[in-house]
>>> print(open('work23.tsv').read())   # TSV, C-alpha atoms
chain	number	residue	atom	x	y	z
A	1	MET	CA	57.50	-81.42	-110.58
A	2	GLU	CA	60.38	-82.37	-112.87
A	3	PRO	CA	62.10	-85.76	-112.46
A	4	ALA	CA	65.27	-83.83	-111.66
A	5	GLU	CA	63.50	-82.25	-108.68
A	6	ALA	CA	62.45	-85.66	-107.38
A	7	GLU	CA	66.08	-86.71	-107.79
A	8	PHE	CA	67.17	-83.68	-105.79
A	9	LEU	CA	64.92	-84.74	-102.91
A	10	ALA	CA	66.18	-88.32	-103.20
A	11	GLU	CA	69.76	-87.12	-102.72
A	12	LYS	CA	68.99	-86.39	-99.06
A	13	GLU	CA	68.63	-90.11	-98.38
A	14	LEU	CA	71.49	-91.66	-96.42
A	15	VAL	CA	73.90	-94.19	-97.83
A	16	THR	CA	77.01	-95.83	-96.33
A	17	ILE	CA	80.44	-94.99	-97.70
A	18	VAL	CA	83.97	-96.01	-96.79
A	19	PRO	CA	86.20	-92.94	-97.03
A	20	ASN	CA	89.92	-92.99	-97.80
A	21	PHE	CA	90.61	-89.68	-96.06
A	22	SER	CA	90.40	-88.11	-92.62
A	23	LEU	CA	88.22	-85.22	-91.69
A	24	ASP	CA	86.74	-83.97	-88.44
A	25	ARG	CA	83.02	-83.72	-88.02
A	26	ILE	CA	81.54	-81.04	-90.29
A	27	HIS	CA	78.62	-78.86	-89.26
A	28	LEU	CA	76.08	-78.11	-91.93
A	29	ILE	CA	72.73	-76.34	-91.61
A	30	GLY	CA	70.94	-79.67	-92.11
A	31	GLY	CA	72.96	-81.40	-89.41
A	32	ASP	CA	76.41	-82.77	-88.66
A	33	LEU	CA	78.31	-85.17	-90.92
A	34	GLY	CA	81.30	-87.35	-90.16
A	35	PRO	CA	83.89	-87.58	-88.71
A	36	PHE	CA	85.62	-89.37	-91.59
A	37	ASN	CA	88.37	-91.93	-90.96
A	38	PRO	CA	90.03	-94.03	-93.67
A	39	GLY	CA	88.50	-97.51	-93.86
A	40	LEU	CA	85.69	-96.80	-91.40
A	41	PRO	CA	82.13	-96.93	-92.83
A	42	VAL	CA	80.05	-93.81	-92.25
A	43	GLU	CA	76.57	-92.73	-93.32
A	44	VAL	CA	76.22	-89.63	-95.47
A	45	PRO	CA	73.54	-88.17	-97.73
A	46	VAL	CA	73.66	-89.39	-101.33
A	47	TRP	CA	74.61	-85.95	-102.69
A	48	LEU	CA	77.81	-86.03	-100.66
A	49	ALA	CA	78.49	-89.70	-101.37
A	50	ILE	CA	78.32	-89.06	-105.13
A	51	ASN	CA	80.54	-86.02	-104.84
A	52	LEU	CA	83.17	-87.90	-102.82
A	53	LYS	CA	83.01	-90.87	-105.17
A	54	GLN	CA	83.57	-88.65	-108.20
A	55	ARG	CA	86.62	-87.23	-106.46
A	56	GLN	CA	87.79	-90.77	-105.72
A	57	LYS	CA	87.65	-90.16	-102.00
A	58	CYS	CA	85.46	-93.11	-101.07
A	59	ARG	CA	83.80	-96.30	-102.12
A	60	LEU	CA	80.04	-96.78	-101.82
A	61	ILE	CA	78.28	-99.61	-100.04
A	62	PRO	CA	75.02	-100.44	-101.87
A	63	PRO	CA	71.86	-100.31	-99.70
A	64	GLU	CA	70.72	-103.68	-98.39
A	65	TRP	CA	67.81	-103.81	-100.86
A	66	MET	CA	70.02	-103.24	-103.91
A	67	ASP	CA	70.66	-106.96	-104.23
A	68	VAL	CA	69.54	-109.40	-106.93
A	69	ALA	CA	67.70	-111.86	-104.66
A	70	LYS	CA	65.86	-109.12	-102.78
A	71	LEU	CA	64.87	-107.30	-105.95
A	72	GLU	CA	63.65	-110.51	-107.59
A	73	GLU	CA	61.42	-111.09	-104.56
A	74	ILE	CA	60.02	-107.57	-104.87
A	75	ARG	CA	59.50	-107.87	-108.61
A	76	ASP	CA	57.66	-111.18	-108.20
A	77	GLN	CA	55.44	-109.83	-105.47
A	78	GLU	CA	54.62	-106.79	-107.56
A	79	ARG	CA	53.57	-109.01	-110.44
A	80	LYS	CA	51.46	-111.21	-108.22
A	81	GLU	CA	49.51	-108.60	-106.23
A	82	ASP	CA	46.86	-106.20	-107.50
A	83	THR	CA	47.89	-103.59	-104.97
A	84	PHE	CA	51.21	-101.75	-104.84
A	85	THR	CA	54.04	-103.42	-102.92
A	86	PRO	CA	55.69	-101.20	-100.32
A	87	MET	CA	59.06	-100.35	-101.85
A	88	PRO	CA	62.28	-100.57	-99.79
A	89	SER	CA	62.87	-96.90	-100.47
A	90	PRO	CA	60.46	-94.14	-101.44
A	91	TYR	CA	63.16	-93.11	-103.90
A	92	TYR	CA	64.07	-96.51	-105.29
A	93	MET	CA	64.12	-95.34	-108.90
A	94	GLU	CA	66.22	-92.24	-108.27
A	95	LEU	CA	68.70	-94.05	-106.03
A	96	THR	CA	69.09	-96.88	-108.52
A	97	LYS	CA	69.87	-94.44	-111.31
A	98	LEU	CA	72.28	-92.36	-109.23
A	99	LEU	CA	74.19	-95.22	-107.64
A	100	LEU	CA	74.42	-97.28	-110.82
A	101	ASN	CA	75.57	-94.25	-112.81
A	102	TYR	CA	78.28	-93.09	-110.45
A	103	ALA	CA	79.29	-96.18	-108.48
A	104	SER	CA	78.49	-99.25	-110.55
A	105	ASP	CA	81.96	-100.59	-109.74
A	106	ASN	CA	80.89	-100.82	-106.09
A	107	ILE	CA	77.67	-102.67	-106.86
A	108	PRO	CA	77.75	-106.37	-107.64
A	109	LYS	CA	75.64	-107.49	-110.65
A	110	ALA	CA	74.83	-103.88	-111.54
A	111	ASP	CA	73.23	-104.74	-114.90
A	112	GLU	CA	70.91	-107.33	-113.41
A	113	ILE	CA	69.90	-104.86	-110.75
A	114	ARG	CA	69.14	-102.20	-113.34
A	115	THR	CA	66.91	-104.65	-115.24
A	116	LEU	CA	65.09	-105.86	-112.13
A	117	VAL	CA	64.32	-102.35	-110.97
A	118	LYS	CA	63.10	-101.35	-114.43
A	119	ASP	CA	60.86	-104.43	-114.61
A	120	THR	CA	59.35	-103.60	-111.23
A	121	TRP	CA	58.80	-100.00	-112.33
A	122	ASP	CA	57.06	-101.12	-115.52
A	123	THR	CA	54.73	-103.41	-113.58
A	124	ARG	CA	53.86	-100.64	-111.13
A	125	ILE	CA	53.20	-98.08	-113.85
A	126	ALA	CA	50.94	-100.52	-115.67
A	127	LYS	CA	49.03	-101.08	-112.42
A	128	LEU	CA	48.73	-97.33	-111.99
A	129	ARG	CA	47.17	-96.98	-115.43
A	130	LEU	CA	44.74	-99.78	-114.65
A	131	SER	CA	43.72	-98.04	-111.43
A	132	ALA	CA	43.31	-94.74	-113.23
A	133	ASP	CA	41.04	-96.33	-115.82
A	134	SER	CA	38.88	-98.00	-113.14
A	135	PHE	CA	38.66	-94.74	-111.30
A	136	VAL	CA	37.42	-92.92	-114.41
A	137	LYS	CA	35.01	-95.67	-115.47
A	138	GLN	CA	33.36	-95.82	-112.07
A	139	GLN	CA	33.32	-92.02	-111.82
A	140	GLU	CA	34.64	-92.17	-108.29
A	141	ALA	CA	35.08	-89.02	-106.30
A	142	HIS	CA	37.99	-90.28	-104.21
A	143	ALA	CA	40.68	-92.89	-104.54
A	144	LYS	CA	43.49	-94.00	-102.29
A	145	LEU	CA	46.56	-95.75	-103.59
A	146	ASP	CA	49.09	-96.81	-101.00
A	147	ASN	CA	52.80	-97.25	-101.52
A	148	LEU	CA	53.27	-95.17	-104.65
A	149	THR	CA	56.51	-93.25	-104.98
A	150	LEU	CA	56.95	-89.65	-106.00
A	151	MET	CA	58.55	-90.46	-109.35
A	152	GLU	CA	55.63	-92.68	-110.34
A	153	ILE	CA	53.03	-90.11	-109.33
A	154	ASN	CA	54.98	-87.46	-111.19
A	155	THR	CA	55.12	-89.38	-114.45
A	156	ILE	CA	51.37	-89.79	-114.77
A	157	GLY	CA	50.21	-86.94	-112.51
A	158	THR	CA	49.70	-84.11	-114.99
A	159	PHE	CA	47.79	-86.31	-117.41
A	160	LEU	CA	45.57	-87.74	-114.70
A	161	THR	CA	44.69	-84.47	-113.00
A	162	GLN	CA	43.85	-82.81	-116.33
A	163	ALA	CA	41.67	-85.75	-117.35
A	164	LEU	CA	39.83	-85.72	-114.03
A	165	ASP	CA	39.34	-81.97	-114.36
A	166	HIS	CA	37.65	-82.43	-117.74
A	167	MET	CA	35.57	-85.27	-116.43
A	168	TYR	CA	34.40	-83.15	-113.53
A	169	LYS	CA	33.26	-80.41	-115.89
A	170	LEU	CA	31.45	-82.89	-118.11
A	171	ARG	CA	29.76	-84.39	-115.08
A	172	SER	CA	28.53	-81.02	-113.91
A	173	ASN	CA	26.80	-80.66	-117.30
A	174	LEU	CA	24.44	-83.38	-116.13
A	175	GLN	CA	22.97	-81.02	-113.55
A	176	PRO	CA	21.61	-78.04	-115.44
A	177	SER	CA	21.27	-74.84	-113.42
A	178	GLU	CA	18.12	-72.83	-113.65
A	179	SER	CA	19.70	-69.78	-115.21
A	180	ALA	CA	21.25	-71.89	-117.98
A	181	ARG	CA	24.76	-70.54	-117.41
A	182	SER	CA	27.29	-71.80	-119.94
A	183	GLN	CA	30.18	-74.14	-119.19
A	184	ASP	CA	33.31	-72.35	-120.25
A	185	PHE	CA	36.39	-74.37	-121.12
B	1	SER	CA	18.08	-58.40	-142.83
B	2	PHE	CA	16.11	-61.60	-142.82
B	3	LEU	CA	12.56	-62.85	-142.50
B	4	GLN	CA	11.02	-64.61	-139.55
B	5	GLY	CA	11.23	-68.36	-140.02
B	6	SER	CA	14.37	-68.28	-142.16
B	7	LYS	CA	17.24	-70.60	-141.44
B	8	LEU	CA	20.87	-69.42	-141.11
B	9	GLU	CA	24.23	-70.53	-139.86
B	10	ILE	CA	25.68	-68.30	-137.19
B	11	PRO	CA	28.60	-68.73	-134.83
B	12	LEU	CA	27.89	-70.31	-131.46
B	13	TRP	CA	28.85	-67.16	-129.55
B	14	LEU	CA	26.19	-65.18	-131.42
B	15	ALA	CA	23.55	-67.83	-130.93
B	16	LYS	CA	24.29	-67.84	-127.22
B	17	GLY	CA	23.92	-64.09	-127.12
B	18	LEU	CA	20.59	-64.13	-128.96
B	19	HIS	CA	19.19	-67.02	-126.96
B	20	ASP	CA	16.56	-66.18	-124.41
B	21	SER	CA	14.26	-68.91	-123.06
B	22	LYS	CA	11.47	-66.44	-122.44
B	23	ARG	CA	11.46	-64.34	-125.61
B	24	ARG	CA	12.45	-67.10	-128.02
B	25	ILE	CA	13.99	-64.97	-130.74
B	26	ILE	CA	15.77	-67.96	-132.19
B	27	SER	CA	15.62	-71.69	-131.98
B	28	THR	CA	18.68	-73.80	-132.64
B	29	GLU	CA	19.05	-76.98	-134.60
B	30	LEU	CA	21.20	-79.68	-133.07
B	31	PRO	CA	24.28	-80.52	-135.16
B	32	LYS	CA	24.21	-84.06	-136.55
B	33	ILE	CA	26.82	-85.51	-134.28
B	34	TYR	CA	24.83	-84.72	-131.12
B	35	ARG	CA	21.63	-86.22	-132.40
B	36	GLU	CA	20.17	-89.60	-131.55
B	37	ALA	CA	21.51	-91.55	-134.53
B	38	TRP	CA	25.08	-90.54	-133.80
B	39	ARG	CA	24.60	-90.92	-130.05
B	40	THR	CA	23.82	-94.59	-130.67
B	41	VAL	CA	27.08	-94.99	-132.59
B	42	PHE	CA	28.96	-93.46	-129.66
B	43	SER	CA	27.41	-95.79	-127.14
B	44	ALA	CA	28.27	-98.82	-129.27
B	45	ASP	CA	31.97	-97.98	-129.50
B	46	ALA	CA	33.17	-94.46	-128.96
B	47	ASN	CA	36.75	-95.42	-129.77
B	48	VAL	CA	36.24	-95.79	-133.49
B	49	VAL	CA	34.80	-92.32	-134.06
B	50	ASP	CA	37.00	-89.69	-135.67
B	51	LEU	CA	36.29	-86.86	-133.27
B	52	HIS	CA	38.68	-84.56	-135.06
B	53	LYS	CA	36.74	-84.74	-138.30
B	54	MET	CA	33.43	-84.55	-136.44
B	55	GLY	CA	34.54	-81.71	-134.17
B	56	PRO	CA	37.28	-80.76	-133.63
B	57	TYR	CA	35.83	-79.40	-130.41
B	58	TYR	CA	33.33	-82.17	-129.67
B	59	TYR	CA	33.44	-81.83	-125.89
B	60	SER	CA	33.53	-78.06	-125.43
B	61	PHE	CA	31.09	-77.34	-128.24
B	62	GLY	CA	28.80	-80.05	-126.96
B	63	SER	CA	28.90	-78.60	-123.46
B	64	GLN	CA	28.03	-75.15	-124.82
B	65	LEU	CA	25.11	-76.55	-126.81
B	66	LEU	CA	23.46	-77.44	-123.52
B	67	ASN	CA	22.70	-73.73	-123.13
B	68	PHE	CA	19.86	-73.97	-125.58
B	69	ASP	CA	16.72	-75.47	-124.07
B	70	ASN	CA	16.66	-78.69	-125.99
B	71	PRO	CA	14.62	-81.57	-124.56
B	72	GLU	CA	17.41	-83.96	-125.54
B	73	ASN	CA	19.95	-82.14	-123.33
B	74	PRO	CA	20.18	-84.82	-120.60
B	75	GLU	CA	20.91	-87.51	-123.20
B	76	ILE	CA	23.44	-85.31	-124.97
B	77	ALA	CA	25.25	-84.52	-121.70
B	78	GLN	CA	25.34	-88.18	-120.77
B	79	THR	CA	26.68	-89.22	-124.17
B	80	ILE	CA	29.45	-86.64	-124.10
B	81	LEU	CA	30.54	-87.80	-120.63
B	82	GLN	CA	30.43	-91.50	-121.51
B	83	THR	CA	32.36	-90.87	-124.71
B	84	PHE	CA	35.14	-89.24	-122.74
B	85	ILE	CA	35.19	-92.10	-120.26
B	86	SER	CA	35.39	-94.82	-122.90
B	87	ARG	CA	38.15	-93.13	-124.91
B	88	PHE	CA	40.22	-92.28	-121.85
B	89	ARG	CA	42.04	-95.61	-121.61
B	90	ARG	CA	43.38	-95.64	-125.13
B	91	ILE	CA	44.55	-92.03	-124.92
B	92	MET	CA	46.35	-92.74	-121.65
B	93	ASP	CA	47.98	-95.95	-122.85
B	94	SER	CA	49.24	-94.49	-126.14
B	95	SER	CA	50.49	-91.28	-124.61
B	96	GLN	CA	52.44	-93.33	-122.09
B	97	ASN	CA	53.72	-95.51	-124.90
B	98	ALA	CA	52.38	-98.68	-123.35
B	99	TYR	CA	52.51	-100.66	-126.56
B	100	ASN	CA	55.46	-98.98	-128.18
B	101	GLU	CA	53.54	-98.50	-131.41
B	102	ASP	CA	52.91	-95.68	-133.84
B	103	THR	CA	50.37	-93.37	-132.27
B	104	SER	CA	49.76	-90.99	-135.17
B	105	ALA	CA	46.66	-92.84	-136.39
B	106	LEU	CA	45.07	-92.56	-132.97
B	107	VAL	CA	45.96	-88.90	-132.50
B	108	ALA	CA	44.42	-88.04	-135.88
B	109	ARG	CA	41.05	-89.17	-134.50
B	110	LEU	CA	41.25	-87.15	-131.27
B	111	ASP	CA	39.44	-83.89	-130.69
B	112	GLU	CA	41.35	-80.87	-129.45
B	113	LEU	CA	40.69	-81.51	-125.77
B	114	GLU	CA	41.89	-85.09	-126.12
B	115	ARG	CA	44.98	-83.99	-128.04
B	116	ALA	CA	45.97	-81.64	-125.21
B	117	LEU	CA	45.55	-84.52	-122.80
B	118	PHE	CA	47.63	-86.77	-125.03
B	119	ARG	CA	50.43	-84.20	-125.09
B	120	ALA	CA	50.34	-83.97	-121.28
B	121	GLY	CA	50.72	-87.74	-121.04
B	122	GLN	CA	53.57	-87.74	-123.51
B	123	LYS	CA	55.37	-84.97	-121.69
B	124	GLY	CA	55.23	-86.92	-118.42
B	125	LEU	CA	56.74	-89.91	-120.15
B	126	ASN	CA	59.33	-87.98	-122.17
B	127	ASP	CA	60.51	-86.04	-119.13
B	128	PHE	CA	60.98	-89.30	-117.25
B	129	GLN	CA	62.83	-91.03	-120.09
B	130	CYS	CA	65.05	-87.99	-120.63
B	131	TRP	CA	65.94	-87.98	-116.96
B	132	GLU	CA	66.57	-91.71	-116.92
B	133	LYS	CA	69.08	-91.32	-119.74
B	134	GLY	CA	70.83	-88.55	-117.86
B	135	GLN	CA	69.81	-85.84	-120.34
B	136	ALA	CA	68.11	-83.79	-117.65
B	137	SER	CA	71.46	-82.48	-116.47
B	138	GLN	CA	72.86	-81.61	-119.89
B	139	ILE	CA	73.01	-77.98	-120.90
B	140	THR	CA	71.45	-77.38	-124.30
B	141	ALA	CA	71.06	-74.19	-126.31
B	142	SER	CA	67.77	-72.42	-125.77
B	143	SER	CA	65.39	-72.61	-128.71
B	144	LEU	CA	65.29	-68.80	-128.57
B	145	VAL	CA	68.89	-68.46	-129.66
B	146	GLN	CA	69.12	-71.37	-132.04
B	147	ASN	CA	68.11	-69.23	-135.01
B	148	TYR	CA	70.54	-66.39	-134.41
B	149	GLY	CA	73.19	-67.74	-136.77
B	150	LYS	CA	70.71	-67.82	-139.63
B	151	ARG	CA	70.41	-64.05	-139.96
B	152	LYS	CA	72.24	-62.80	-143.04
B	153	PHE	CA	74.88	-60.08	-142.87
B	154	THR	CA	73.01	-57.93	-145.40
B	155	ASP	CA	70.17	-57.60	-142.88
B	156	MET	CA	72.50	-55.90	-140.46
B	157	ASP	CA	73.60	-53.11	-142.82
B	158	GLY	CA	71.76	-49.82	-142.64
>>> encode(input="work23.tsv", output="structure tokens")
Amino acid sequence: MEPAEAEFLAEKELVTIVPNFSLDRIHLIGGDLGPFNPGLPVEVPVWLAINLKQRQKCRLIPPEWMDVAKLEEIRDQERKEDTFTPMPSPYYMELTKLLLNYASDNIPKADEIRTLVKDTWDTRIAKLRLSADSFVKQQEAHAKLDNLTLMEINTIGTFLTQALDHMYKLRSNLQPSESARSQDF
Amino acid sequence: SFLQGSKLEIPLWLAKGLHDSKRRIISTELPKIYREAWRTVFSADANVVDLHKMGPYYYSFGSQLLNFDNPENPEIAQTILQTFISRFRRIMDSSQNAYNEDTSALVARLDELERALFRAGQKGLNDFQCWEKGQASQITASSLVQNYGKRKFTDMDG
């Protein structure tokens, strides 16, 4: 999967906006949205929120977790624990990028938030590499890692699955078959 | 034609074809790098070995060698596996740019299988970084058409 595809999925997440226009409820295949009344907060999917924001038809309200104190808490916990912290959103990376790119004027301390999220990401990715190395060294057959997000899995996924594939083939060399069939790569 | 007992170098695919455990037309000699002396070096520290110079197909060639009934096969198979396992970490970390350092020295020592793995790791990272910068949504010219302008007009005349 490409990062852009993960972003596409993330855009279905709901976010609160405050529109400056009126519109009756709209009926889309995925469900109904609205109605929209000036000054009244309403929840919409991120793809619509970004579109409206770009057209200057709304302002965005950052999600409750997109706050310096909350993110510092998460970053600190991530650094302290060996396991992965449950993230406030399965799409935290994508949402941070989207909202900070298109609506940074609606988000207090946007730069600090960007840095905190990146720091948390770096810690998690480093933990993922550590887990991958343990997994390979112990030649485990199964592993379970809770609380990983799609973007993280995506970034290391191809490398890891290819490596495990090779390792599997090398391990099967240890059990020779009677007909001495060759291992083709 | 050649005499019985003579020694020659032939490609692996041919040796595999001629090999027959019952009729024993040929016997194969183990290449240096799979023999005991080198196996000891690998178990001490597999990371320092230049597998490109020694291979460059250390893993796949080694796996194919196991076709010939050599009593050392179990040790060879074990060494190849352990070598992969010990080198894994460094390949992963450099391809994911963990230390932000020049990786060309490391890559020069990787065998072909490891280089493919390294490229996969790099691609995962590059794709992510590209996306993060917002380049994933930019339209760029396809590499297929980038050379069109370079054709000379004289080539187009009859």
>>> interface_residues(input="work23.tsv", of="chain A", to="chain B", cutoff="10 Å", atoms="only C-alpha atoms", output="ChimeraX atom specification")
/A:1-4,7,93-94,97-98,101,122,125-126,129-130,132-139,151-163,166-177,179-185
>>> atom_distance(input="work23.tsv", atom1="atom CA of Thr149 of chain A", atom2="atom CA of Phe84 of chain A")
10.0 Å
>>> axis_aligned_box(input="work23.tsv", around="segment 128-131 of chain A", padding_each_side="4 Å", output="lines of an AutoDock Vina configuration file")
center_x = 46.2
center_y = -98.4
center_z = -113.4
size_x = 13.0
size_y = 10.8
size_z = 12.0
>>> residues_around(input="work23.tsv", residues="Leu95 of chain A", least_positions_apart="6", cutoff="10 Å", atoms="only C-alpha atoms", output="ChimeraX atom specification")
/A:7,10-11,13,15,46,62-63,66,89,101
>>> closest_residue(input="work23.tsv", among="B:Arg109, B:Ser6, B:Glu72, B:Leu18", to="Arg39 of chain B", atoms="all atoms listed in the file")
B:Glu72
>>> atom_distance(input="work23.tsv", atom1="atom CA of Gln146 of chain B", atom2="atom CA of Arg115 of chain B")
27.5 Å
>>> atom_distance(input="work23.tsv", atom1="atom CA of Pro31 of chain B", atom2="atom CA of Tyr57 of chain B")
12.5 Å
>>> residues_near_point(input="work23.tsv", point="(23.8, -93.0, -131.5)", cutoff="12 Å", atoms="all atoms listed in the file", output="ChimeraX atom specification")
/B:32-46,49,75-76,78-80,83
>>> closest_residue(input="work23.tsv", among="A:Ala6, A:Cys58, A:Met87, A:Leu33", to="Asn20 of chain A", atoms="only C-alpha atoms")
A:Cys58
